[in-house]
Each structure stands twice: as structure tokens, then as C-alpha cells.
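Single-structure report; data block below.
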Amino acid sequence: MNDDSNNPYRAPASDVSLVSPEYGIKNFERFSAWAVFGLSIITLGIYPIYWMYTRSQTLNLFYPDKISPVLLTSFLIFVFLSFFSGIVEPTEVSLIAILTLFNVIYTILYLTVLFKLRNRLNDLVVDNINPVITFFGSAIYLQYAVNKGLDQSE
């Protein structure tokens, strides 16, 4: 009685997802590494965090070895807590210790997400992504590696 297959007013049902495992590195958009550098300066270091989070989300859509959503959420929480610890001027030793602990955990989570992202991107590009340059260049270098992988895949 209620057959939607012949209903002309029904919304179309089509897969509009552009992310697919067979595209590999082509799932990422080309974006200038210089733009990442500039946005990092303009946003006072917030853009690399956004870059890492969004690229991790894109990788999780098609890469079989996903970066844990719990890790990514924890990373964002400690980014906020670390930012908050830079604003507050603590006077008690216990509060100083807690805020320092937030910064240490943030640093560990940042490096963990950075290198998990690097390891997965390393599987998608032809050349090896250097871990030392990844440590010092973070999102800027990884965007350069993505762009180089896009160039090589054409």
C-alpha cells in the first residue's frame, strides 16, 4: 500500500561520497604547504591541530587501520585544556602541577596523532615520509608529502 519506489516526490537515494579506498592518496585535496605555514602563523598554531584532525577523519573514512576516535577526541580535549592552562595564572603549587600535566599529556597526544597520521600516509605515498622532518615540520611537511603523493599518482 505504501510503496515508495514509484513516489516521484521521494528524495533521490544515491551515494555521493567522494572518499573511496581505491582512490588512496587522491582522497585528499591539494593544498599548498605554504598556505599551511601561513595559516599556522595567522591562527597562532591552531591550524595544524585542525589540519591533523580533519586529515585523520578523512583517513578513517577509507583506511583499514583507523586512528581511534577516542584518541582524536582526547587530543582535542587536551588541546583545549593546554590552551586554558596558558591563560590561567596559577598561584598554588598543586594547580601548577595539574596544568603542567595537561601540557605534558597534550604533547604526548599531539605526537601520537602526528605519527599515526604519518604512518598511514606513508603507506599511501611512493616515497618514504621522513620521521625527523615530520617531528619538526608536522602538518606543513605532511601536507607537502600529500601533495607530492598526489603529483606521483597522476
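By order in the C-alpha cells, chains are A, B, ...; within a chain, residues start at 1; ligands start at 1, following the order shown.
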Name all residues at most 8 Å from stretch 125-132 of chain A (count only C-alpha atoms; drop same-chain ones fewer than 6 positions away) and give them as an mmCIF file with N, CA, C and O atoms, in the first residue's frame.
data_model
loop_
_atom_site.group_PDB
_atom_site.id
_atom_site.type_symbol
_atom_site.label_atom_id
_atom_site.label_comp_id
_atom_site.auth_asym_id
_atom_site.auth_seq_id
_atom_site.Cartn_x
_atom_site.Cartn_y
_atom_site.Cartn_z
ATOM 1 N N ILE A 25 45.601 8.067 -2.008
ATOM 2 C CA ILE A 25 46.044 9.429 -1.703
ATOM 3 C C ILE A 25 45.174 10.468 -2.400
ATOM 4 O O ILE A 25 45.098 11.621 -1.967
ATOM 5 N N PHE A 115 52.266 11.064 14.432
ATOM 6 C CA PHE A 115 52.974 9.931 13.863
ATOM 7 C C PHE A 115 52.041 8.809 13.408
ATOM 8 O O PHE A 115 52.378 8.068 12.494
ATOM 9 N N ARG A 118 51.215 10.135 10.070
ATOM 10 C CA ARG A 118 52.380 9.949 9.197
ATOM 11 C C ARG A 118 52.497 8.500 8.737
ATOM 12 O O ARG A 118 52.738 8.236 7.556
ATOM 13 N N LEU A 142 53.777 17.169 6.310
ATOM 14 C CA LEU A 142 52.836 16.130 5.885
ATOM 15 C C LEU A 142 51.986 16.610 4.714
ATOM 16 O O LEU A 142 51.664 15.828 3.820
ATOM 17 N N ALA A 145 54.084 16.188 1.757
ATOM 18 C CA ALA A 145 54.130 14.784 1.367
ATOM 19 C C ALA A 145 52.846 14.357 0.655
ATOM 20 O O ALA A 145 52.887 13.593 -0.313
ATOM 21 N N VAL A 146 51.702 14.855 1.119
ATOM 22 C CA VAL A 146 50.427 14.563 0.452
ATOM 23 C C VAL A 146 50.446 15.135 -0.965
ATOM 24 O O VAL A 146 50.067 14.458 -1.929
ATOM 25 N N LYS A 148 53.034 15.793 -2.809
ATOM 26 C CA LYS A 148 53.988 15.016 -3.613
ATOM 27 C C LYS A 148 53.371 13.682 -4.021
ATOM 28 O O LYS A 148 53.535 13.226 -5.164
ATOM 29 N N GLY A 149 52.630 13.057 -3.102
ATOM 30 C CA GLY A 149 51.935 11.811 -3.435
ATOM 31 C C GLY A 149 50.875 12.014 -4.493
ATOM 32 O O GLY A 149 50.685 11.168 -5.381
ATOM 33 N N GLN A 152 52.642 12.286 -7.845
ATOM 34 C CA GLN A 152 53.143 10.995 -8.317
ATOM 35 C C GLN A 152 52.025 10.062 -8.773
ATOM 36 O O GLN A 152 52.238 9.167 -9.565
#
- Task: From the DSSP assignment of the backbone, select every residue of stretch 19-79 of chain A that is alpha helix (DSSP H), and format the answer as a VMD selection string.
- Result: chain A and resid 33 to 42 47 to 62 69 to 79
- Task: Give the answer as one residue: which of A:Asn7, A:Asn27, A:Gln143, A:Asn103 has the shortest atom-to-atom distance to A:Leu61, using only C-alpha atoms?
- Result: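 Ranked by minimum distance to A:Leu61, first place goes to A:Asn27.
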Go through stretch 64-112 of chain A and flag each residue having an atom no more than 9 Å from stretch 40-56 of chain A; for those, report the closest pair of atoms plus their distance in Å to one decimal, using only C-alpha atoms, ordered by chain and rising number, as CSV.
residue,atom,partner,partner_atom,distance
A:Lys66,CA,A:Ser56,CA,8.4
A:Ile67,CA,A:Ser56,CA,6.8
A:Leu72,CA,A:Tyr53,CA,7.0
A:Phe75,CA,A:Tyr53,CA,8.9
A:Leu76,CA,A:Ile49,CA,8.3
A:Val79,CA,A:Ile49,CA,8.3
A:Tyr110,CA,A:Ile49,CA,8.3
- Message: What does the structure give for the distance between atom CA of A:Gly24 and atom CA of A:Tyr63, in Å to one decimal?
- Response: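 Computing the Euclidean distance for atom CA of A:Gly24 and atom CA of A:Tyr63 yields 8.2 Å.
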- Note on the structure: From the list A:Leu95, A:Val113, A:Ile133, A:Val88, the nearest residue to A:Thr73 using only C-alpha atoms is A:Val113
- Residues near A:Leu114, cut-off 9 Å, only C-alpha atoms, skip fewer than 2 positions along chain, as a PyMOL selection string: chain A and resi 52+109-112+116-119+134-135+138-139
- Take atom CA of A:Ile105 and atom CA of A:Leu81 and report the distance between them in Å, one decimal. 9.9 Å
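Comparing A:Ile87, A:Ser68, A:Ser82, A:Arg10 by their smallest distance to A:Leu99, the closest is A:Ser82 (using only C-alpha atoms).
Taking atom CA of A:Asn147 and atom CA of A:Phe31 as the two end points, the separation is 7.2 Å.
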